[in-house]
Amino acid sequence: MVKKLQIEIAATAGFCFGVKRAINLANKAPDKYPTLQIRTFGPIIHNPQVVNQLASIGIKQVDNINELVQGVVIIRSHGITKQLAQELAQRPNLTVIDATCPYVRRAQEIVAKMSDAGYQVLILGELDHPEVTGLISYGEPQRTLVISKPDDIPAEFFTKPNSSRIALLAQTTLSQQLYNKIVLSLLTIKGELRCFNTICTATSDRQSEALELAKRCDCMLIIGGRNSANTNRLHELCTERQPASYHIETAEDLKAKWFIGKQTIGISAGASTPKWLIDGVLKSLENL
Ligand code: SF4
């Protein structure tokens, strides 16, 4: 049965530019600082297997800033808050390697600029996601708001005549469709609206390709960390088109029953999924 499976892998599956950059910086750090202890602040990317691999070469994760007194700290690809960045930069015995993705950095700069210009900043994203926590910190607290759906837009934006100046941006890994929906909803506000599409192309390209695959395959596998927002989004989107869509972290999560009666299997992977995990899944599918 399994030998008849046709497998199609999305060309965009796996590491994006920002993740590759962060992992390269981490891999080079031991050569650059051979005598220093190297740590990442939070998980460098949202993939537990990659985090474990780095830990095995001595680059461990810490979550408490008080543990970062000396040595080298690598700032994760999702970025950190402005206050934490300032605090780390002031520690005399600590070297900071900033692996914040340049696209996340751009979104942070937009929040700061629009907030300084007096705009009410709306961040479309997940309140608890580290990238969003970082983005909020760049805005004026009274005028920076996180929303996740059209209903979260404050009603007064639509009723107060010409008093609102709104700047909208999004978490870089959000769904393009949701962003478009929010822009449409905001078009009827009474004041000024500025929209910044900060969803990165790595995210939107993966989403479009995975959706195309989900349309023509009769089963989808999405590989990536369960804590990876962009992997979860891929899974959600694919499930809407193809209910037989499964989110797995590694080949060990595969279940033979998923493929009974199936002929075409589409595979996509989040932006933080390494090639070796994708290869592992392919190998297991061949051996099922
Ligand atoms: S998904 Fe986009 S924003 Fe996030 S790390 Fe990758 S390139 Fe950067």
# chains A, B, ... in the order shown; residues from 1 in each chain; ligands from 1
$ residues_near_ligand --ligand "ligand 1" --cutoff "7 Å" --atoms "only C-alpha atoms and all ligand atoms" --output "ChimeraX atom specification"
/A:16-19,77-78,101-104,172-173,200-203,271
$ closest_atom_pairs --of "stretch 71-177 of chain A" --to "stretch 223-227 of chain A" --cutoff "12 Å" --atoms "only C-alpha atoms" --output "JSON lines"
{"residue": "A:Asp128", "atom": "CA", "partner": "A:Asn227", "partner_atom": "CA", "distance": 11.5}
{"residue": "A:His129", "atom": "CA", "partner": "A:Asn227", "partner_atom": "CA", "distance": 9.5}
{"residue": "A:Pro130", "atom": "CA", "partner": "A:Asn227", "partner_atom": "CA", "distance": 10.9}
$ residues_around --residues "A:Met220" --least-positions-apart "2" --cutoff "7 Å" --atoms "only C-alpha atoms" --output "mmCIF file with C-alpha atoms, in the first residue's frame"
data_model
loop_
_atom_site.group_PDB
_atom_site.id
_atom_site.type_symbol
_atom_site.label_atom_id
_atom_site.label_comp_id
_atom_site.auth_asym_id
_atom_site.auth_seq_id
_atom_site.Cartn_x
_atom_site.Cartn_y
_atom_site.Cartn_z
ATOM 1 C CA ALA A 214 -3.375 20.669 0.191
ATOM 2 C CA CYS A 217 -3.029 15.920 -2.312
ATOM 3 C CA ASP A 218 -5.220 13.603 -0.291
ATOM 4 C CA ILE A 222 3.258 19.666 8.199
ATOM 5 C CA ALA A 244 -6.434 14.861 6.513
ATOM 6 C CA SER A 245 -3.628 17.263 7.492
ATOM 7 C CA TYR A 246 -1.286 16.292 10.317
ATOM 8 C CA ILE A 265 0.985 12.933 0.278
ATOM 9 C CA GLY A 266 1.949 16.593 0.373
ATOM 10 C CA ILE A 267 4.690 17.738 2.732
#
$ closest_residue --among "A:Ile44, A:Leu221, A:Ser284, A:Gly139" --to "A:Thr239" --atoms "only C-alpha atoms"
A:Leu221
$ select_by_dssp --residues "stretch 180-242 of chain A" --states "alpha helix (DSSP H)" --output "VMD selection string"
chain A and resid 180 to 186 201 to 216 229 to 241
$ atom_distance --atom1 "atom CA of A:Lys283" --atom2 "atom CA of A:Ile7"
11.4 Å
